[in-house]
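A.B. asks: Next up is a structure, given as structure tokens.
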Amino acid sequence: NDSVLAATGDSKQWAAQLGDYAGTRYSELDQITNENVGDLQVAWTFSTGVLRGHEGAPLVIGDVMYVHTPFPNNVYALDLNNDGKILWRYTPQQDADVIGVMCCDTVYRGLAYSDDTIFLHQADTTLVALDATTGDVKWSVVNGDPAKGETNTATVLPVNDKVLVGISGGEYGVRGHLTAYNIADGSMAWRAYSTGPDEDMLVDPENTMVLGKPVGANSSLDSWEGDQWQIGGGTTWGWTTYDPDLNLIYYGTGNPSTWNPAQRPGDNKWSMTIMARDADTGVAKWMYQKTPHDEWDFDGVNENILVDQEIDGTMRKLLVNFDRNGFAYTLDRETGELLVAEKYDPAVNWATHVEMDPASDQYGRPQVVAEYSTAQNGEDVNTTGICPAALGTKDQQPSTYSPKTGLFYVPTNHVCMDYEPFRVSYSAGQPYVGATLSMFPAPGSHGGMGNFIAWDAVAGEIKWSLPEQFSVWSGAMATAGDVVFYGTLEGYLKAVDAETGEELYKFKTPSGIIGYVMTYEHGGKQYIGVLSGVGGWAGIGLAAGLTNANDGLGAVGGYAALSDYTALGGQLTVFAIPD
Ligand SMILES: O=C(O)c1cc(C(=O)O)c2c(n1)C(=O)C(=O)c1cc(C(=O)O)[nH]c1-2
């Protein structure tokens with residue numbers, strides 16, 4: 001899409017949640033450097049008027065900043081030429097019942113932009129195309145049904161003449177799909193399900209490849225018992241990235257439903273899978289299932305970052321993914337060849353390694369440790385000390401990549417869990433979870449529940465790791481000024497040196513940060529912006545007012561101490577270096 005390429009190619013703007021099609025969250029702006037970042041001060045602020053978790057980042061297109069909120073998903077267009085005066089606002093009318101079927105807070109990972117259009121994807125799955133200048137509705141389309149537990153938290157991705165849209169609801173037995181709507185009028189172009197018959201999945205048995213081999217017929221149907229695949233999850237609530245040269249899109253599918261593995265024998269394909277699809281037809285080029293037959297809720301939806309790096313003297317087109325399951329994967333994004341799979345937190349214990357020998361019948365599969373297998377231990381047995389916890393070594397919070405250092409900077413969790421599966425029956429729109437969880441800091445950790453790490457995706461190694469008291473639940477951003485920014489659940493915006501990790505600046509914002517740091521230039525000056533507003537799965541206790549330790553799918557107890565540091569909020573803070 002030329003409009004997206006132009007908008008994201010202009011570093012004065014912040015035109016996509018992940019910064020660019022490749023998902024690097026890297027900015028070429030270099031006024032703020034590792035030398036002067038310590039001089040940052042708050043330049044201006046904006047209250048969103050909404051409490052609960054604020055994920056995502058504002059967009060800046062030209063002289064206008066577009067700010068979104070969690071449910072009810074209000075949109076503000078702010079005039080950067082006029083001290084942030086509100087040019088227009090859009091306040092959707094949504095049935096508040098949707099809140100009851102959102103698993104992990106009422107978050108929204110932000111707006112998307114192309115062709116003078118702002119795309120708002122509401123919690124109730126209504127996708128609205130707004131005129132970027134006036135805020136008028138161009139068209140809207142409904143992607144799912146909250147009465148069946150289908151909701152939305154993800155952003156969308158405009159690619160060519162279509163916009164790509166996912167769906168949430170893995171905890172409600174929703175059958176996941178990715179859908180392409182035509183940008184011109186909102187009509188549906190194609191839909192690719194994550195599970196089911198080949199024709200529903202847009203899989204070509206002879207030409208869709210899995211680890212170098214054609215996938216063959218009925219690959220999904222053969223990996224489920226009966227018709228469990230119809231309520232089998234594999235939702236698409238994470239990120240999509242795009243390679244314009246290959247014309248391939250990349251995204252991941254979530255956990256199979258239910259969380260009780262005994263109720264769904266088999267590999268449960270293609271949940272937990274990286275999908276590479278033709279952007280125009282949706283047909284799958286290759287797929288790779290990271291966690292076959294999930295037993296821990298390690299959704300595979302995290303961002304797939306597209307970079308070109310040298311391996312053994314040859315430039316390769318790579319895809320790098322930091323999965324919930326604790327392995328960081330490096331693949332060839334053209335073919336789906338698996339190149340590297342290494343743990344990015346030493347605490348990870350549920351698998352010893354991923355089998356890398358193509359001749360092995362276990363090729364590409366994590367080698368599960370029996371002690372931590374909730375399937376082997378069985379229903380109504382509490383399997384203890386599994387690392388990572390269900391929210392993974394990293395959840396949806398996006399990483400960043402600096403082409404200057406060649407390193408990835410990753411917000412991570414350092415949390416383990418006890419997991420007890422139990423039998424559950426399906427009823428549309430009711431929770432279909434089937435496990436009780438409790439979460440706690442990784443044993444023998446530095447005392448905290450998170451790390452902010454720098455990762456070498458070719459060597460498969462941690463370069464440095466900064467301990468954090470809580471999970472780092474914010475999106476990170478690297479800049480050409482050799483600075484990396486991230487936020488913390490207590491509410492700090494932090495800046496560290498891209499090479500060494502040395503902390504260069506911190507400022508405590510009014511509420512915990514689960515938003516994603518962004519930057520833009522206006523009037524010749526570089527600004528840094530971030531949304532505060534504690535929540536998301538990690539902050540669900542505060543966001544939803546829950547106090548029972550097992551509530552919030554086990555997160556309330558694990559993050560109980562957060563209330564000693566922060567409280568609900570909803571604010572944009574913008575920083576700059578004073579003249
Ligand atoms: O299976 C799903 O459909 C689904 C949806 C969502 C969501 O929409 O936010 C989350 C999850 N799963 C999930 O497993 C998870 O860890 C999670 C964390 C968050 C968050 O925003 O903090 N959302 C979700």
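Labels for the structure tokens follow display order: chains A, B, ..., residues from 1 in each chain, ligands from 1.
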Can you pull out every residue with an atom within 7 Å of ligand 1? Use only C-alpha atoms and all ligand atoms and format it as an MDAnalysis selection string.
C.D. replies: chainID A and resid 102:105 107 152:154 167:171 233 235:237 254:255 297 299 390:391 395:396 536:538
A.B. asks: Output the selection as a PDB file, in the first residue's frame - N, CA and C atoms for each residue.
C.D. replies:
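Saved file part20.pdb follows:
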ATOM      1  N   MET A 102     -14.590  -9.956  27.421  1.00  0.00           N
ATOM      2  CA  MET A 102     -13.191  -9.662  27.056  1.00  0.00           C
ATOM      3  C   MET A 102     -12.318 -10.315  28.125  1.00  0.00           C
ATOM      4  N   CYS A 103     -11.425 -11.204  27.683  1.00  0.00           N
ATOM      5  CA  CYS A 103     -10.706 -12.042  28.657  1.00  0.00           C
ATOM      6  C   CYS A 103      -9.778 -11.266  29.533  1.00  0.00           C
ATOM      7  N   CYS A 104      -9.103 -10.202  28.939  1.00  0.00           N
ATOM      8  CA  CYS A 104      -7.859  -9.712  29.539  1.00  0.00           C
ATOM      9  C   CYS A 104      -7.838  -8.189  29.581  1.00  0.00           C
ATOM     10  N   ASP A 105      -8.944  -7.634  30.051  1.00  0.00           N
ATOM     11  CA  ASP A 105      -9.127  -6.185  30.147  1.00  0.00           C
ATOM     12  C   ASP A 105      -9.714  -5.653  28.832  1.00  0.00           C
ATOM     13  N   VAL A 107      -8.721  -3.576  26.716  1.00  0.00           N
ATOM     14  CA  VAL A 107      -7.644  -2.892  25.987  1.00  0.00           C
ATOM     15  C   VAL A 107      -7.941  -2.779  24.487  1.00  0.00           C
ATOM     16  N   ASN A 152     -12.820  -7.744  20.030  1.00  0.00           N
ATOM     17  CA  ASN A 152     -11.579  -7.272  19.430  1.00  0.00           C
ATOM     18  C   ASN A 152     -10.770  -6.428  20.390  1.00  0.00           C
ATOM     19  N   THR A 153      -9.450  -6.620  20.312  1.00  0.00           N
ATOM     20  CA  THR A 153      -8.499  -5.766  21.031  1.00  0.00           C
ATOM     21  C   THR A 153      -7.359  -5.333  20.108  1.00  0.00           C
ATOM     22  N   ALA A 154      -7.258  -5.959  18.950  1.00  0.00           N
ATOM     23  CA  ALA A 154      -6.084  -5.775  18.072  1.00  0.00           C
ATOM     24  C   ALA A 154      -6.252  -4.570  17.157  1.00  0.00           C
ATOM     25  N   ILE A 167      -9.452 -11.499  15.282  1.00  0.00           N
ATOM     26  CA  ILE A 167     -10.557 -11.652  16.232  1.00  0.00           C
ATOM     27  C   ILE A 167     -10.038 -12.255  17.540  1.00  0.00           C
ATOM     28  N   SER A 168     -10.659 -11.862  18.655  1.00  0.00           N
ATOM     29  CA  SER A 168     -10.333 -12.397  19.978  1.00  0.00           C
ATOM     30  C   SER A 168     -11.426 -13.349  20.438  1.00  0.00           C
ATOM     31  N   GLY A 169     -11.106 -14.153  21.445  1.00  0.00           N
ATOM     32  CA  GLY A 169     -12.129 -14.996  22.064  1.00  0.00           C
ATOM     33  C   GLY A 169     -11.707 -16.433  22.297  1.00  0.00           C
ATOM     34  N   GLY A 170     -10.378 -16.668  22.350  1.00  0.00           N
ATOM     35  CA  GLY A 170      -9.873 -18.021  22.580  1.00  0.00           C
ATOM     36  C   GLY A 170     -10.345 -18.611  23.905  1.00  0.00           C
ATOM     37  N   GLU A 171     -10.707 -17.754  24.849  1.00  0.00           N
ATOM     38  CA  GLU A 171     -11.191 -18.230  26.147  1.00  0.00           C
ATOM     39  C   GLU A 171     -12.700 -18.472  26.121  1.00  0.00           C
ATOM     40  N   GLY A 233     -10.613 -22.396  19.107  1.00  0.00           N
ATOM     41  CA  GLY A 233      -9.725 -21.252  19.325  1.00  0.00           C
ATOM     42  C   GLY A 233      -8.832 -20.960  18.133  1.00  0.00           C
ATOM     43  N   THR A 235      -7.404 -18.005  17.894  1.00  0.00           N
ATOM     44  CA  THR A 235      -7.822 -16.641  17.546  1.00  0.00           C
ATOM     45  C   THR A 235      -6.613 -15.816  17.117  1.00  0.00           C
ATOM     46  N   THR A 236      -6.900 -14.664  16.545  1.00  0.00           N
ATOM     47  CA  THR A 236      -5.895 -13.871  15.815  1.00  0.00           C
ATOM     48  C   THR A 236      -5.849 -12.461  16.382  1.00  0.00           C
ATOM     49  N   TRP A 237      -5.645 -12.397  17.701  1.00  0.00           N
ATOM     50  CA  TRP A 237      -5.777 -11.116  18.404  1.00  0.00           C
ATOM     51  C   TRP A 237      -4.445 -10.372  18.506  1.00  0.00           C
ATOM     52  N   GLY A 254      -3.681 -18.119  18.149  1.00  0.00           N
ATOM     53  CA  GLY A 254      -3.652 -18.250  19.598  1.00  0.00           C
ATOM     54  C   GLY A 254      -3.874 -19.667  20.079  1.00  0.00           C
ATOM     55  N   ASN A 255      -4.173 -19.763  21.372  1.00  0.00           N
ATOM     56  CA  ASN A 255      -4.292 -21.063  22.022  1.00  0.00           C
ATOM     57  C   ASN A 255      -5.483 -21.856  21.489  1.00  0.00           C
ATOM     58  N   ASP A 297      -1.536 -22.603  27.624  1.00  0.00           N
ATOM     59  CA  ASP A 297      -2.064 -21.324  27.114  1.00  0.00           C
ATOM     60  C   ASP A 297      -0.962 -20.415  26.584  1.00  0.00           C
ATOM     61  N   ASP A 299      -0.406 -18.802  23.770  1.00  0.00           N
ATOM     62  CA  ASP A 299      -0.852 -18.227  22.487  1.00  0.00           C
ATOM     63  C   ASP A 299       0.319 -17.836  21.586  1.00  0.00           C
ATOM     64  N   ALA A 390       1.242 -18.697  32.014  1.00  0.00           N
ATOM     65  CA  ALA A 390       0.425 -18.640  30.805  1.00  0.00           C
ATOM     66  C   ALA A 390       0.625 -17.337  30.033  1.00  0.00           C
ATOM     67  N   LEU A 391       0.901 -16.257  30.717  1.00  0.00           N
ATOM     68  CA  LEU A 391       1.087 -15.011  29.951  1.00  0.00           C
ATOM     69  C   LEU A 391       2.449 -14.944  29.279  1.00  0.00           C
ATOM     70  N   ASP A 395       4.174 -11.405  26.289  1.00  0.00           N
ATOM     71  CA  ASP A 395       2.808 -11.405  25.781  1.00  0.00           C
ATOM     72  C   ASP A 395       2.766 -10.505  24.537  1.00  0.00           C
ATOM     73  N   GLN A 396       1.647  -9.804  24.330  1.00  0.00           N
ATOM     74  CA  GLN A 396       1.470  -9.032  23.089  1.00  0.00           C
ATOM     75  C   GLN A 396       2.325  -7.775  22.992  1.00  0.00           C
ATOM     76  N   GLY A 536      -4.488  -4.397  31.145  1.00  0.00           N
ATOM     77  CA  GLY A 536      -4.050  -5.583  30.404  1.00  0.00           C
ATOM     78  C   GLY A 536      -4.182  -6.797  31.313  1.00  0.00           C
ATOM     79  N   TRP A 537      -3.725  -7.937  30.820  1.00  0.00           N
ATOM     80  CA  TRP A 537      -3.869  -9.138  31.638  1.00  0.00           C
ATOM     81  C   TRP A 537      -3.095  -8.973  32.953  1.00  0.00           C
ATOM     82  N   ALA A 538      -1.850  -8.494  32.872  1.00  0.00           N
ATOM     83  CA  ALA A 538      -1.027  -8.374  34.086  1.00  0.00           C
ATOM     84  C   ALA A 538      -1.677  -7.426  35.097  1.00  0.00           C
TER      85      ALA A 538
END
A.B. asks: Residues within 8 Å of Val210 of chain A, please, as an MDAnalysis selection string. Count only C-alpha atoms; anything in the same chain fewer than 3 positions from it doesn't count.
C.D. replies: chainID A and resid 213:215 286:288 336
A.B. asks: Closest to Ala478 of chain A among A:Gly282, A:Gly232, A:Gly19, A:Gly110, using only C-alpha atoms?
C.D. replies: A:Gly19
A.B. asks: Find, counting only C-alpha atoms, the residue in A:Asn304, A:Asn218, A:Ser427, A:Ser511 that gets nearest to Gly173 of chain A.
C.D. replies: A:Ser427
A.B. asks: Taking only C-alpha atoms into account, which of A:Ile183, A:Val354, A:Leu318, A:Leu493 comes nearest Gly529 of chain A?
C.D. replies: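 Result for the nearest residue to Gly529 of chain A: A:Leu493.
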A.B. asks: Give the strand (DSSP E or B) residues of segment 317-354 of chain A, as assigned by DSSP on the backbone, as a list in words.
C.D. replies: Lys317, Leu318, Leu319, Val320, Asn321, Phe322, Phe327, Ala328, Tyr329, Thr330, Leu331, Asp332, Leu338, Leu339, Val340, Ala341, Glu342, Lys343, Ala351, Thr352, His353 and Val354 of chain A
